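Q: The structure's right below; bear with me while I get my questions together.
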Amino acid sequence: MTATVWQQNIIRGGILVKSSIFIEAQLEVVYDAMECETNQKQSIIMAFSPIHVTEPFLPPLEEFVPYLEHIWSSKRLTNNGCFHNQLEKELANYLGVKHLCLFANGTLALITALQALRITGEVITTPYSFAATAHSLLWNGLKPVFVDIDPHTRNLDPERIAEAITPATSAILPVHCYGIPCDTEAIGRIADTWGLKVIYDAAHAFGVRDEGGSILRHGDLSVLSFHATKVFNTFEGGAIVCPDAKTKQRVDYLKNFGFADETTVVAPGINGKMNEFSSALGLLQLKHIDEALAARAAIFRRYAENLNDADMLEMTRIPEGVQWNYAYCPVFVKSQSPPPAVKRDELYRRLKDENIHPRRYFYPLITEFPMYRGLHSARRENLPVACETADRVLCLPIFPGLAREDVDRICERISRTYE
Ligand SMILES: Cc1ncc(COP(=O)(O)O)c(C=O)c1O
């Protein structure tokens with residue numbers, strides 16, 4: 001077994017090691033030299049193992065085996081198998097929504113949602129998101145129109161949306177970034193006034209609720225991702241939340257090549273189906289989701305306790321009345337001098353030197369990518385808040401298995417950077 005350590009001088013327990021690769025045998029020499037107790041060995045291992053921004057939540061393997069046995073004996077691997085159908089029901093119930101269609105991943109769900117509502121022309125969206133949000137528009141031959149974000153929610157700014165509407169606009173594609181809800185009321189009002197559809201990219205928003213219930217009820221459709229890095233994962237996966245049975249029927253046709261029955265094809269559909277292995281994992285994950293969410297909440301609270309008074313950082317504020325899912329732990333560097341991007345990148349590098357791997361979600365902005373940067377709406381002067389936010393953000397590690405001591409260690413390294 002190999003434990004990788006970044007090229008650096010590492011001083012741990014009084015021993016200086018200069019190495020890029022640390023193999024177990026070498027560690028044993030270190031243990032012997034230090035006459036290590038088991039708990040000391042543990043802390044050495046902890047210090048050398050990387051801490052990533054996230055780790056997938058996986059239930060105990062033995063709990064998954066009966067599901068696999070069922071799949072093996074039924075020989076049903078995909079195509080609306082029993083785990084698939086059961087997961088659709090149980091997820092809708094857990095999330096508090098009426099209708100839900102499972103997908104192989106969130107990107108295919110986004111692409112299909114746009115197809116299902118027959119969106120055309122221009123779609124207003126945010127530059128501050130993962131590439132898949134805007135890519136789903138290009139895959140449908142639609143033109144993204146980027147609009148700046150609100151400095152508090154980091155989601156589409158409703159005031160900017162109205163200014164960007166043209167006769168070609170047919171929809172709005174907002175993102176509940178980090179799972180923090182968009183201003184759904186204002187967006188709903190704009191959509192009603194101008195006759196626009198709203199598809200929420202809710203990839204980060206599993207389980208998030210506002211005062212009226214699930215935030216997935218807003219808009220015409222909401223799209224979830226169950227990717228390995230998400231709060232709720234099915235290895236890969238996703239879903240579209242639909243308001244009624246008729247829309248679900250259409251989406252179900254579209255995700256299965258457009259087949260309505262054995263011989264009838266009603267639309268140029270795609271293969272977006274979730275298989276039985278992912279569906280089975282989803283059923284098992286649901287049994288553990290409340291404990292996983294509680295663990296995330298505890299980690300976030302620990303970060304807040306340690307960092308709330310840090311002069312240089314701004315923590316994420318949970319809006320009043322929102323039951324959040326702690327999907328991410330974004331912090332924002334405050335410094336103006338040197339510029340925030342310099343400060344943020346310095347912090348990012350120093351943490352990486354310590355084998356702690358935060359991520360700069362979302363830097364660069366989608367509008368910086370070559371397929372978007374030529375658009376008028378992608379100009380930096382049109383997107384001052386998004387540009388500034390992308391330069392200041394750092395997402396700290398957060399996942400159910402992250403130890404409290406590791407959170408404290410990360411915070412201590414952050415504080416040290418700003419001494
Ligand atoms: C905002 C957002 N939209 C869409 C996606 C795409 O989801 P998937 O990876 O399941 O295709 C992701 C991330 O993975 C995302 O973060």
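Please note that chains go A, B, ... in the order of the structure tokens, that every chain numbers its residues from 1, and that ligands are numbered from 1 in the order shown.
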Which protein, DNA or RNA residues have an atom within 7 Å of ligand 1, counting only C-alpha atoms and all ligand atoms, as a list in words?
A: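 Those within range of ligand 1 are Asn105, Gly106, Thr107, Leu108, Ser129, Phe130, Ala132, Thr133, Val175, Cys177, Asp201, Ala202, Ala203, His204, Ser225, Phe226, His227, Glu236, Gly237 and Gly238 of chain A.
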Q: Please extract the residues of stretch 250-288 of chain A with a backbone DSSP assignment of helix (DSSP H, G or I) and present them as a list in words.
A: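 Those in stretch 250-288 of chain A that DSSP calls helix (DSSP H, G or I) are Arg250, Val251, Asp252, Tyr253, Leu254, Glu276, Phe277, Ser278, Ser279, Ala280, Leu281, Gly282, Leu283, Leu284, Gln285, Leu286, Lys287 and His288 of chain A.
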Q: Quick one: residues within 8 Å of A:Pro181, only C-alpha atoms, excluding same-chain residues fewer than 4 positions away - as a list in words?
A: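 The neighbour list is Thr153, Asn155, His176, Cys177, Ala205, Val208, Asp210, Ile215 and Val322 of chain A.
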Q: State, in Å with one decimal place, the distance from atom CA of A:Asn85 to atom CA of A:Glu211.
A: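 Distance reported for this atom pair: 29.4 Å.
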Q: Name all residues at most 9 Å from stretch 62-70 of chain A (count only C-alpha atoms; drop same-chain ones fewer than 6 positions away) and give them as a PDB file with C-alpha atoms, in the first residue's frame.
A:
ATOM      1  CA  ARG A  76     -33.145  -7.752 -14.171  1.00  0.00           C
ATOM      2  CA  PHE A  83     -35.548  -1.336  -7.460  1.00  0.00           C
ATOM      3  CA  PHE A 277     -27.489  -1.357  -9.212  1.00  0.00           C
ATOM      4  CA  ALA A 280     -30.570  -0.474  -5.200  1.00  0.00           C
ATOM      5  CA  LEU A 281     -27.807   1.703  -3.764  1.00  0.00           C
ATOM      6  CA  LEU A 284     -30.021   1.655   0.818  1.00  0.00           C
TER       7      LEU A 284
END
Q: Give me every strand (DSSP E or B) residue in stretch 124-358 of chain A, going by DSSP on the backbone, as an NGL selection string.
A: :A and (124-125 or 143-146 or 149 or 156 or 169-173 or 175 or 197-201 or 209-210 or 213-214 or 221-225 or 238-242 or 256 or 259 or 265 or 271 or 313-315 or 323 or 329-333 or 356-357)
Q: Counting only C-alpha atoms, which residue out of A:Gln336, A:Asn355, A:Thr126, A:Asn306 sits closest to A:Asp408?
A: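 Looking at the shortest contact to A:Asp408, the residue is A:Asn306.
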Q: Find the spatial neighbours of A:Val241, counting only C-alpha atoms, within a cut-off of 9 Å - ignore same-chain residues fewer than 2 positions away - and output them as an MDAnalysis selection string.
A: chainID A and resid 92 97:102 216:217 220:224 239 243 248
Q: For A:Ile356, please output as a PDB file with N, CA and C atoms, in the first residue's frame all residues within 10 Å (counting only C-alpha atoms; exclusion window: fewer than 5 positions along the same chain).
A:
ATOM      1  N   ALA A  47      -2.151  12.293   9.455  1.00  0.00           N
ATOM      2  CA  ALA A  47      -1.450  13.467   8.941  1.00  0.00           C
ATOM      3  C   ALA A  47      -1.001  13.269   7.499  1.00  0.00           C
ATOM      4  N   PHE A  48      -0.773  12.003   7.121  1.00  0.00           N
ATOM      5  CA  PHE A  48      -0.293  11.749   5.763  1.00  0.00           C
ATOM      6  C   PHE A  48      -1.412  11.425   4.782  1.00  0.00           C
ATOM      7  N   SER A  49      -2.623  11.105   5.255  1.00  0.00           N
ATOM      8  CA  SER A  49      -3.663  10.767   4.274  1.00  0.00           C
ATOM      9  C   SER A  49      -4.334  12.038   3.785  1.00  0.00           C
ATOM     10  N   PRO A  50      -4.555  12.117   2.493  1.00  0.00           N
ATOM     11  CA  PRO A  50      -5.150  13.339   1.943  1.00  0.00           C
ATOM     12  C   PRO A  50      -6.580  13.538   2.441  1.00  0.00           C
ATOM     13  N   ILE A  51      -6.942  14.788   2.640  1.00  0.00           N
ATOM     14  CA  ILE A  51      -8.349  15.100   2.953  1.00  0.00           C
ATOM     15  C   ILE A  51      -8.904  15.819   1.735  1.00  0.00           C
ATOM     16  N   HIS A  52      -9.841  15.172   1.054  1.00  0.00           N
ATOM     17  CA  HIS A  52     -10.414  15.763  -0.145  1.00  0.00           C
ATOM     18  C   HIS A  52     -11.633  16.607   0.213  1.00  0.00           C
ATOM     19  N   VAL A  53     -12.048  17.409  -0.742  1.00  0.00           N
ATOM     20  CA  VAL A  53     -13.197  18.293  -0.492  1.00  0.00           C
ATOM     21  C   VAL A  53     -14.435  17.478  -0.142  1.00  0.00           C
ATOM     22  N   TYR A 348      -5.386  28.304  -0.710  1.00  0.00           N
ATOM     23  CA  TYR A 348      -5.614  27.045  -1.439  1.00  0.00           C
ATOM     24  C   TYR A 348      -4.314  26.244  -1.532  1.00  0.00           C
ATOM     25  N   ARG A 349      -3.231  26.941  -1.901  1.00  0.00           N
ATOM     26  CA  ARG A 349      -1.944  26.258  -2.064  1.00  0.00           C
ATOM     27  C   ARG A 349      -1.389  25.774  -0.732  1.00  0.00           C
ATOM     28  N   ARG A 350      -1.524  26.624   0.279  1.00  0.00           N
ATOM     29  CA  ARG A 350      -0.965  26.224   1.584  1.00  0.00           C
ATOM     30  C   ARG A 350      -1.694  25.000   2.124  1.00  0.00           C
ATOM     31  N   LEU A 351      -3.004  24.949   1.942  1.00  0.00           N
ATOM     32  CA  LEU A 351      -3.753  23.776   2.414  1.00  0.00           C
ATOM     33  C   LEU A 351      -3.341  22.546   1.617  1.00  0.00           C
ATOM     34  N   LEU A 396     -14.415  24.178   1.520  1.00  0.00           N
ATOM     35  CA  LEU A 396     -13.637  23.357   2.460  1.00  0.00           C
ATOM     36  C   LEU A 396     -14.190  21.933   2.499  1.00  0.00           C
ATOM     37  N   PRO A 397     -13.350  20.969   2.886  1.00  0.00           N
ATOM     38  CA  PRO A 397     -13.824  19.579   2.941  1.00  0.00           C
ATOM     39  C   PRO A 397     -15.037  19.434   3.852  1.00  0.00           C
ATOM     40  N   ASP A 406      -9.995  16.558  12.284  1.00  0.00           N
ATOM     41  CA  ASP A 406      -9.541  17.018  10.977  1.00  0.00           C
ATOM     42  C   ASP A 406     -10.091  18.412  10.671  1.00  0.00           C
ATOM     43  N   ARG A 409      -8.047  20.739  12.569  1.00  0.00           N
ATOM     44  CA  ARG A 409      -6.716  20.874  11.952  1.00  0.00           C
ATOM     45  C   ARG A 409      -6.787  21.792  10.729  1.00  0.00           C
ATOM     46  N   ILE A 410      -7.824  21.623   9.918  1.00  0.00           N
ATOM     47  CA  ILE A 410      -7.984  22.472   8.722  1.00  0.00           C
ATOM     48  C   ILE A 410      -8.135  23.935   9.157  1.00  0.00           C
ATOM     49  N   ARG A 413      -4.889  25.438  10.310  1.00  0.00           N
ATOM     50  CA  ARG A 413      -4.016  25.785   9.180  1.00  0.00           C
ATOM     51  C   ARG A 413      -4.499  27.086   8.522  1.00  0.00           C
TER      52      ARG A 413
END
Q: So which one's closest to A:Gly212, A:Ile199, A:Ala164, A:Pro144, A:Gln323? Using only C-alpha atoms, please.
A: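 When distances to A:Gly212 are compared using only C-alpha atoms, the smallest one comes from A:Gln323.
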Q: Excluding A:Pro127 and its own-chain neighbours fewer than 4 positions away, which residues fall within 8 Å of it when counting only C-alpha atoms? Please give them as number ranges by chain.
A: A: 146-148, 365-367, 378, 386
Q: Report, in Å with one decimal, the straight-line distance from atom CA of A:Tyr200 to atom CA of A:Gly219.
A: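 Between atom CA of A:Tyr200 and atom CA of A:Gly219 the gap works out to 6.7 Å.
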Q: Hey, can you check how far atom CA of A:Ser214 sits from atom CA of A:Ala228?
A: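 Value for the atom CA of A:Ser214-atom CA of A:Ala228 distance: 22.2 Å.
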Q: With distances taken over only C-alpha atoms, which residue among A:His84, A:Lys89, A:Arg404, A:Arg154 lies nearest A:Thr316?
A: A:Arg154
Q: Find the residue from A:Gly121, A:Gly282, A:Gly96, A:Pro339 that sits nearest to A:Ser170; use only C-alpha atoms when measuring.
A: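 Selected residue with least distance to A:Ser170: A:Gly121.
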Q: Smallest atom-to-atom distance to A:Glu368: which of A:Ile398, A:Ala131, A:Ile124, A:Met312, using only C-alpha atoms?
A: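 Residue with the minimum atom-to-atom distance to A:Glu368: A:Ala131.
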Q: When distances are computed from only C-alpha atoms, which of A:Ala292, A:Ala341, A:Lys334, A:Lys273 shows the smallest separation from A:Gly401?
A: A:Ala292
